[in-house]
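A.B. asks: One structure, as C-alpha cells, below. Some questions next.
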2 protein chains.
Amino acid sequence: MAVVTFCPGAFPCRPRKLSGVNKALLYLDPESSLNLQSQIRQKLVEGILRGTFPAGTRLPSSRKLAEQLGVARNTVVLAYEQLQEEGFLESRERSGFFVNDEIFEGRVGYQGAAPGQRAEDERWQQRIRARAGEGRDFQWPADWQRHPYPFIDGHFDASLYPTAQWREANRLALGSRVVSEDVAAEGNADDAALIEEIRTKMLPRRGITAGPDEILITLGEQNALYLLALLLVDESVSVAVEDPGNPKMRRILAQKAANIIHQPVDEHGMVINSRLDDADIVYVTPSHQVPTAVTMNTQRRQALLKKAAQLDQLIIEDDFEHESNYLGQPHPALRSLDNDNRVIYISGLPKVLAPGLRIGFIVAAPELIREARRLRQLVIGRPSLVNQRTAALFLSLGHYDAFMSRLHHEMHQRWLALRDALNHYRPNFTTLPTQGGTVFWVLCPEHYNVETLALEAAKRGILIEPDTHYYAAEGKSKNCFRMGVTSIPGERIREGVEKLRELMWELASGEGEFLPEDDPDLLDGESVQALMSGSTWIYKTVYGDPCTFELDADGTMRGRAGHANEERDVGRWWVEDDLWCRQWEHWAYGEVGRFYIAIKGQHLRIYNTQKRIVDSAIIHPAAEPQAD
Amino acid sequence: MAVVTFCPGAFPCRPRKLSGVNKALLYLDPESSLNLQSQIRQKLVEGILRGTFPAGTRLPSSRKLAEQLGVARNTVVLAYEQLQEEGFLESRERSGFFVNDEIFEGRVGYQGAAPGQRAEDERWQQRIRARAGEGRDFQWPADWQRHPYPFIDGHFDASLYPTAQWREANRLALGSRVVSEDVAAEGNADDAALIEEIRTKMLPRRGITAGPDEILITLGEQNALYLLALLLVDESVSVAVEDPGNPKMRRILAQKAANIIHQPVDEHGMVINSRLDDADIVYVTPSHQVPTAVTMNTQRRQALLKKAAQLDQLIIEDDFEHESNYLGQPHPALRSLDNDNRVIYISGLPKVLAPGLRIGFIVAAPELIREARRLRQLVIGRPSLVNQRTAALFLSLGHYDAFMSRLHHEMHQRWLALRDALNHYRPNFTTLPTQGGTVFWVLCPEHYNVETLALEAAKRGILIEPDTHYYAAEGKSKNCFRMGVTSIPGERIREGVEKLRELMWELASGEGEFLPEDDPDLLDGESVQALMSGSTWIYKTVYGDPCTFELDADGTMRGRAGHANEERDVGRWWVEDDLWCRQWEHWAYGEVGRFYIAIKGQHLRIYNTQKRIVDSAIIHPAAEPQAD
C-alpha cells in the first residue's frame, strides 16, 4: 500500500501551505487482479469523474508519483499518457499533466450511481428503521430575494440584521476567558450568563418567572419540539395539535407514532371542546397561531388551563412568535397563568437576530428539564457555548432591547401597510383578525385554487404561501393563503398587493363581478348626489372591523373604523358625470377614487370605472330628503 | 388583566433603550380570591425570590404602577410598604423602592421547589417516555485550565486556536451574499461550498471519493452518531461496538434498545472474530481507537470488510480522530477500501478549529444520505449555513492546511515529549503502542485503583482519565488510564509525569519495590565496572519497543531503539562508589543518572539512589572478561 501527495481543490492551492498536509491518499492494492498501471488509471479516473480531482487540478510529476507509490516511473508515465489519449488529462508544456477542463462538457457534474439504482434503493429500504416521512413542506424558491414582492413570513430582509452589534458580541464572546475555558468542556450545562439574561430580561416580559434549573437551551424551535417529543411522546400518547397547524410538529409526532388529535382553529385560536378530552398533551401556539396569526383570547386560555388541570394534561406552549406581538397589551403566556407546572413553554431569540444561529429554550419543571438535558446530550451534544455567550452579551449590552424596539417599529409599519393595502385593493377576500404580528391569513373565494394562484403570482414576482401544507389532511385546501411582512420592504407592499389583485382579477371567472349592461340598479349622477347627501354607510373592513362613513350634504365626510372607533379620518365627496368620487385625507392613500354606484334596497354595490365590483356597503339615507 | 413596565436585569438598564420593549408582565387576576394589594405583593415576592427581579432592581413608582395596573395608588403604596417592612424592598431617598440587596443573604440563589419534591419526581416519572440513561460519563473538573498538568484529550489550550484566521472566515461568511440569501431559507440543503471543500480537500486525504449527494453535514460527532442510530437502529438490530469504546455511542444504542455486542480490543484494534457474526452493524474507530488510541492494522481492516461483505453487515467508521494520525503513512479509511457502499464514514473538522462550532459530516450511499437529511430536519433543522460557510472559507483560503500543519507539528512534539517522559519515569506501568495521535493508554499494576489515583492526582494539579467509563460493564476497571496532550503545554509534560510518578510511589505498597537489606544480588562498584564493560543490555521501552545498549570498556556507550532501530543515541558510563552512572547525549534528557545495580542470572535490576527499583533489563556480559 502506498500513498501519494496531491493538490486538488476548487480553489487554487497556496504552495507554501501544502507542507505535508494537503495529501490525497492513492493506494495500490497488492492483491488486486489489475496490474499497477491499470490500478493507477482506475483510481485517477474515479477521482476525476466523481469530482474529487476537479478540472484543472495539476497531477504530481510522474517521478514524484512513482517514488511515492513505489513503482517504476514508466508505469506512471504510461498511465498518464493513456489518460491523456482518452481525454481525461491534458499535458501543458513545462507544467505537467492537468485534469482536462473539457472532460466534463456535456456532463452535469457527478452523476451518482445510475445503473442498478432500483436494487440499491431496495437494499436501503430494508435497512432503514426510522423515516422522517415525505412531508408536504412548502418551499420558497431559493432565489426569493430576487422577487420584488416576497410576502414571506419568517425570512428577513438583510437590512434588519444588527450586523455591527452582533459582531461586537461575537468578538467579545470569542475573546472571553469563560468561553476559552468552558468551550472544550464535555459538560452539559448551559452558559450561566445566557440563562440569567433569559430569566431576567426575556421571560419577565411574558410574565414568567423561572429558576435556572427550569431552563434548557436548544437549537431553536425545531430542536425544542424534537426533544420534547422524544421525552414525552410514544405510540401510547395522544397529542392534540391545531389544524391548520405547524407542519413540522405534525411530522415529529408522526415519526414518534403518536395518536394525533387535530383540533380546529377559529378567529380566537384553537377551539377548546370535548375533542381535547382524550389528549395527554396539547400543543398550542396561543400568542400568534401558526399559520393563521390569530391570538388566543383570555377565555380560551383559561378554559384550556382548566381542562388541562381537570384531565391532568400537559400543555406545550410554542411562543416562538411572541416577539412580534406588539399591538395592544400582550397576553401573558399560558405558563405565567399556570400554578401547576403543567405548561411547558418554548421560545427563543428572533431568527433575524443571528442568521442561522437559532437559539431557543424550553422552560419547564426542573425534573423535566433534567431529563431533556440528558437527551439533548445524546442528540446534539450541547449547543455551542460561544453562540450562547454571544447571545448573552448581545442581551446584556442592551443591543437586544434596542434591536427589538427597532424591529417592532418596522414590523408594525409593514403590518399596517399590508392591512391598508389589503383593505384598499380588497379583491373580494377577507382575512382573519390579528393583533399585530407579521402575517395575514387571507381567505379567497371558492373559485380560486390557491396553489395555482401562488404559482402564477410567483411568475409576477409576488410570493404568497398557500394553506395546503398546514392542514393535517392532504389536498384539503380551504382556499386560504398567507402573506407576511418580514421579508418585503415596506415601500413595496402596496404595489405587491395591487399586482396581486390584478392577477386575481385575471384568474377570476368574471361572473357576477361586472356591472350588468342596463342594470336598473345603476344610479345616474343626479341620483347619486341625492342618495349620498346626508347618508351613512355601514361597512366592514377586509379584516372584519366595523367601519362607518358619514356623508354630509356639503361634500364633507367623516369616517370611523374599529370596534372602538379607534381610527378616524375626514374627506370630501362629489359627483362627476355618473361617478361618485371621494378623497380621504389619509385613508385610501389620500387619493381620489371614482366609482359607479348601484343600489338595491339598502345594499350599495360599488364599481370601479371599468365597471368591476370593488366593494359593497349598507347605506342609511338621510332621514329627510335634502333640499335642492 | 393589567400590565406593568419594569426594569429588571442583572446588567444596568440603559434608559434610552427601554422604549416599550423591556417590559415585565405583571397581571392581576380579577377572579383571584386575594385582594389587589395581596396579589401585587404575591407577584413581587415571587419575582424577587426566584431572581426574576434581582437584588438592586428599581421598582416603578407607585403612581406609575397604579396607573398601569388600573388600581388605586394607595393599594400599591401599601403593598410596597409592607414589602419594605418584610425586608424584600428598601426605600432609597428620592429614588424610590429597590429590591433589597440583603434579602438573599444566607440564601444560595433560587432554591427550586423543595417541598413536595418526591411527589413531583413521581409525577414526571410517569410522563417520561424516553430516557438518556444515567450514563457513567467522566467529567473533567470545570476549572481544568487551572490545573498545571491537564493530561486531557480533546480539550485544547487556547494558544492553538487560529483566532485571526477563523474571524476572517467568519467575517467573510457573514458578509457574503449567499449567506444573506440562504440563511433564512427553510430548505434542507447544505452549503455547496463546504461540501465541495470536504469532497476535494478533506476526503481525498483519506482516500475517499464522494459525490455531493453522498455527504451530509452534522453538528459534530455526537449528532452524526445519533442520526445514524435513529436511521438504522431499533430493538431488532444488533450492533457491535468496541469494548472499551465510545461511551456516548453505547448510550445512544441503549436508548434505541439495540442489541449490543461488546467486542474486545487489543493492540491492533477491534478483534475480528465470530462474535461479530450476529451483528447487523459494526461501529468501529479504526484510525485511533477510542479510548486506547491504537490503530487497526491492515489485516484486521481487510478481515472486517470481508466479513461484512459475507454477512451483509454495515460498518460505521468513526474517523473523528483521523486528523491526529500524523506518524508514518496513514492507513486509508475503511470506506476507501469498500467497493460495496457498506461503510458509512463519519468525520469532521477538528474541535480546536472553532470552539463550540462542531461541524461533522456523514459520507454514505446517496439513498442513506437522503433519508438522514430528512431526519436531520426533524431533529435539529439544518446546521447553521453561516457556520458552514465560515468553515468552507477557512478551508478555501488555505487556513485549514496551514493550521493543520501547525497543529500536527505541535501535537507530534507533545506526543514525543509524553512518550519520553513516560519512558524516563516509567513507574512500572506500560502503554499500548500508538501510531502518533494525542493519547497514551496506560496500564497500571493491579494494586492501584485508577479512580483513586486520578482523584489524588487531581489534588496535585495532574489530570488523568480513569478507564472505567469506557467499559460496557460497570465497575470493571482494567486498571488503565488515559493521558492526552491536546491541553497541556509541551513544556509541562515532563514535570507532570514526574509528579505523577511521585504520587504513584506514595500510593504503592512498597512491597518488592525496594532493594532488600543485604541483598546478595547487589553489586559493589568493582563488580559493576567488571560486569558492564563490553556488555549489551536488552531492554523494552514503556511503549513496547525493543531497545539495546552497548557499553564499551572505555566508558562510551551506544543505544538503539525501535523495531527498525530508528532511534539512536550515544553516551558515557562510569562508576562512582557502588553506583553505576550514565549520561546520554539526548536520551534521558541528557542528564546524569546514578543507579544501584543488582543481578540474578542475566536479569538486571536497576535501583535509584533511594534504592527504589526504577527499571530492569537483560544483560549479555562481554564475551571475554575485561583485562584490569
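Going through the C-alpha cells in order, the chains are called A, B, and so on, while each chain numbers its residues from 1 and the ligands are numbered from 1 in the order shown.
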Please, which residues of segment 49-132 of chain A, numbered as in this document, come out helix (DSSP H, G or I) from DSSP, as JSON, numbers by chain?

C.D. replies: {"A": [49, 62, 63, 64, 65, 66, 67, 68, 69, 73, 74, 75, 76, 77, 78, 79, 80, 81, 82, 83, 84, 85, 101, 102, 103, 104, 117, 118, 119, 120, 121, 122, 123, 124, 125, 126, 127]}

A.B. asks: Counting only C-alpha atoms, what is within 9 Å of segment 223-239 of chain A, bar same-chain residues fewer than 6 positions away, as a VMD selection string?

C.D. replies: (chain A and resid 216 to 217 248 to 249 252 to 253 256 to 262 276 278 to 283 316 318 346 to 347 360 to 362 368 371 to 373 375 to 376 379) or (chain B and resid 127 to 131 378 to 381)

A.B. asks: Pick from B:Ala530, B:Pro150, B:Pro546, B:Asp319: nearest to Leu500 of chain B, with only C-alpha atoms counted?

C.D. replies: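 Checking each candidate against Leu500 of chain B, we get B:Pro150 as the closest.
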
A.B. asks: Please, what distance in Å, to one decimal, runs between atom CA of Asn449 of chain A and atom CA of Asn479 of chain A?

C.D. replies: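 Taking atom CA of Asn449 of chain A and atom CA of Asn479 of chain A, their separation equals 6.5 Å.
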
A.B. asks: Apply DSSP to the structure's backbone, then extract all residues of segment 365-468 of chain A labelled strand (DSSP E or B) and return them as number ranges by chain.

C.D. replies: A: 430-431, 439-443, 462-463, 465-466

A.B. asks: Convert the current residue selection to file output with all heavy atoms, as a compact mmCIF listing (two decimals), in the first residue's frame.

C.D. replies:
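So the final result, stored in selection-v3.txt, reads:
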# COMPACT_ATOMS: atom_id res chain seq x y z
N THR A 430 -61.30 38.02 2.42
CA THR A 430 -61.29 38.54 3.78
C THR A 430 -60.08 37.98 4.51
O THR A 430 -59.43 37.06 4.01
CB THR A 430 -62.56 38.13 4.56
OG1 THR A 430 -62.64 36.70 4.53
CG2 THR A 430 -63.80 38.74 3.95
N THR A 431 -59.77 38.53 5.64
CA THR A 431 -58.65 37.97 6.42
C THR A 431 -59.13 37.71 7.84
O THR A 431 -60.11 38.30 8.30
CB THR A 431 -57.46 38.95 6.48
OG1 THR A 431 -57.80 40.03 7.34
CG2 THR A 431 -57.10 39.49 5.11
N VAL A 439 -48.17 38.65 9.97
CA VAL A 439 -48.81 37.78 8.98
C VAL A 439 -50.29 38.09 8.85
O VAL A 439 -50.94 38.48 9.83
CB VAL A 439 -48.62 36.31 9.45
CG1 VAL A 439 -49.68 35.40 8.86
CG2 VAL A 439 -47.23 35.80 9.09
N PHE A 440 -50.80 37.94 7.65
CA PHE A 440 -52.26 37.89 7.46
C PHE A 440 -52.63 36.56 6.81
O PHE A 440 -51.94 36.08 5.92
CB PHE A 440 -52.75 39.04 6.57
CG PHE A 440 -52.89 40.32 7.31
CD1 PHE A 440 -51.84 41.23 7.35
CD2 PHE A 440 -54.06 40.61 8.00
CE1 PHE A 440 -51.97 42.41 8.06
CE2 PHE A 440 -54.20 41.80 8.70
CZ PHE A 440 -53.15 42.70 8.74
N TRP A 441 -53.72 36.01 7.29
CA TRP A 441 -54.27 34.77 6.76
C TRP A 441 -55.47 35.17 5.90
O TRP A 441 -56.45 35.69 6.43
CB TRP A 441 -54.69 33.88 7.92
CG TRP A 441 -55.16 32.50 7.58
CD1 TRP A 441 -56.45 32.05 7.64
CD2 TRP A 441 -54.36 31.39 7.19
NE1 TRP A 441 -56.50 30.72 7.30
CE2 TRP A 441 -55.23 30.29 7.01
CE3 TRP A 441 -52.99 31.21 6.96
CZ2 TRP A 441 -54.79 29.03 6.62
CZ3 TRP A 441 -52.55 29.95 6.57
CH2 TRP A 441 -53.43 28.88 6.41
N VAL A 442 -55.33 34.96 4.61
CA VAL A 442 -56.29 35.52 3.67
C VAL A 442 -57.19 34.41 3.12
O VAL A 442 -56.70 33.36 2.69
CB VAL A 442 -55.55 36.20 2.49
CG1 VAL A 442 -56.56 36.84 1.54
CG2 VAL A 442 -54.57 37.24 3.02
N LEU A 443 -58.51 34.63 3.18
CA LEU A 443 -59.47 33.63 2.68
C LEU A 443 -59.97 34.09 1.31
O LEU A 443 -60.56 35.16 1.18
CB LEU A 443 -60.67 33.53 3.62
CG LEU A 443 -60.43 32.93 5.01
CD1 LEU A 443 -59.70 33.90 5.92
CD2 LEU A 443 -61.75 32.52 5.66
N ILE A 462 -44.47 37.96 -7.14
CA ILE A 462 -45.20 38.05 -5.87
C ILE A 462 -45.17 36.68 -5.20
O ILE A 462 -45.64 35.70 -5.78
CB ILE A 462 -46.68 38.44 -6.11
CG1 ILE A 462 -46.77 39.69 -7.00
CG2 ILE A 462 -47.40 38.65 -4.79
CD1 ILE A 462 -48.13 39.87 -7.65
N LEU A 463 -44.63 36.60 -4.00
CA LEU A 463 -44.58 35.32 -3.31
C LEU A 463 -45.61 35.30 -2.18
O LEU A 463 -45.56 36.11 -1.27
CB LEU A 463 -43.18 35.06 -2.75
CG LEU A 463 -42.06 34.95 -3.80
CD1 LEU A 463 -40.72 34.74 -3.12
CD2 LEU A 463 -42.35 33.81 -4.77
N GLU A 465 -47.95 32.27 0.28
CA GLU A 465 -47.85 30.87 0.73
C GLU A 465 -49.24 30.24 0.77
O GLU A 465 -50.08 30.68 1.56
CB GLU A 465 -47.22 30.85 2.12
CG GLU A 465 -46.93 29.46 2.64
CD GLU A 465 -46.35 29.49 4.06
OE1 GLU A 465 -46.28 30.59 4.65
OE2 GLU A 465 -45.99 28.42 4.57
N PRO A 466 -49.50 29.23 -0.06
CA PRO A 466 -50.81 28.58 0.00
C PRO A 466 -50.99 27.83 1.32
O PRO A 466 -50.02 27.47 1.99
CB PRO A 466 -50.79 27.60 -1.17
CG PRO A 466 -49.42 27.59 -1.71
CD PRO A 466 -48.59 28.60 -1.02

A.B. asks: Might you pull out every residue within 10 Å of Gly593 of chain B, with only C-alpha atoms counted and same-chain residues fewer than 5 positions away left off, and present them as a list in words?

C.D. replies: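 Selected residues are Trp573, Leu579, Trp580, Cys581, Arg582, Gln583, Trp584, Ala588, Asn608 and Thr609 of chain B.
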
A.B. asks: So the first atom is atom CA of Ile195 of chain A and the second is atom CA of Gly175 of chain B; what is the distance between them in Å, to one decimal place?

C.D. replies: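 Atom CA of Gly175 of chain B lies 29.1 Å from atom CA of Ile195 of chain A.
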
A.B. asks: Looking at A:Thr438, A:Thr295, A:Gln139, A:Asn423, which one is nearest to chain B, with distances taken over only C-alpha atoms?

C.D. replies: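 The shortest atom-to-atom distance to chain B comes from A:Gln139.
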
A.B. asks: Which one is closest to chain B: A:Pro366, A:Gly348, A:Gly87, A:Gly534? Count only C-alpha atoms.

C.D. replies: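 Once distances to chain B are computed over only C-alpha atoms, the minimum belongs to A:Pro366.
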
A.B. asks: Set the distance at 7 Å and use only C-alpha atoms: which residues neighbour Arg50 of chain A once local chain neighbours fewer than 3 positions away are removed? I'd like the list as a ChimeraX atom specification.

C.D. replies: /A:46-47,110 /B:209-211

A.B. asks: For each of B:Glu102, B:Asp143, B:Asp577, B:Glu81, take the minimum atom-to-atom distance to chain A, counting only C-alpha atoms, then give the residue where this is smallest.

C.D. replies: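 Counting only C-alpha atoms, the residue closest to chain A is B:Asp143.
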
A.B. asks: Hey, which of B:Phe98, B:Phe481, B:Trp166, B:Phe151 ends up closest to chain A? Count only C-alpha atoms.

C.D. replies: B:Trp166

A.B. asks: Rank nothing, just name the residue among B:Tyr470, B:Trp144, B:Trp505, B:Tyr539 nearest to chain A, using only C-alpha atoms.

C.D. replies: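 Ranking B:Tyr470, B:Trp144, B:Trp505, B:Tyr539 by distance to chain A, first place goes to B:Trp144.
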
A.B. asks: State, in Å with one decimal place, the distance from atom CA of Ala142 of chain A to atom CA of His155 of chain A.

C.D. replies: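 Taking atom CA of Ala142 of chain A as the start and atom CA of His155 of chain A as the end point, the length is 11.7 Å.
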
A.B. asks: Give me the residues near Ile606 of chain B as a ChimeraX atom specification, where near means some atom within 7 Å (using only C-alpha atoms) and where sequence neighbours in that chain fewer than 5 positions away do not count.

C.D. replies: /B:595-598,613-616
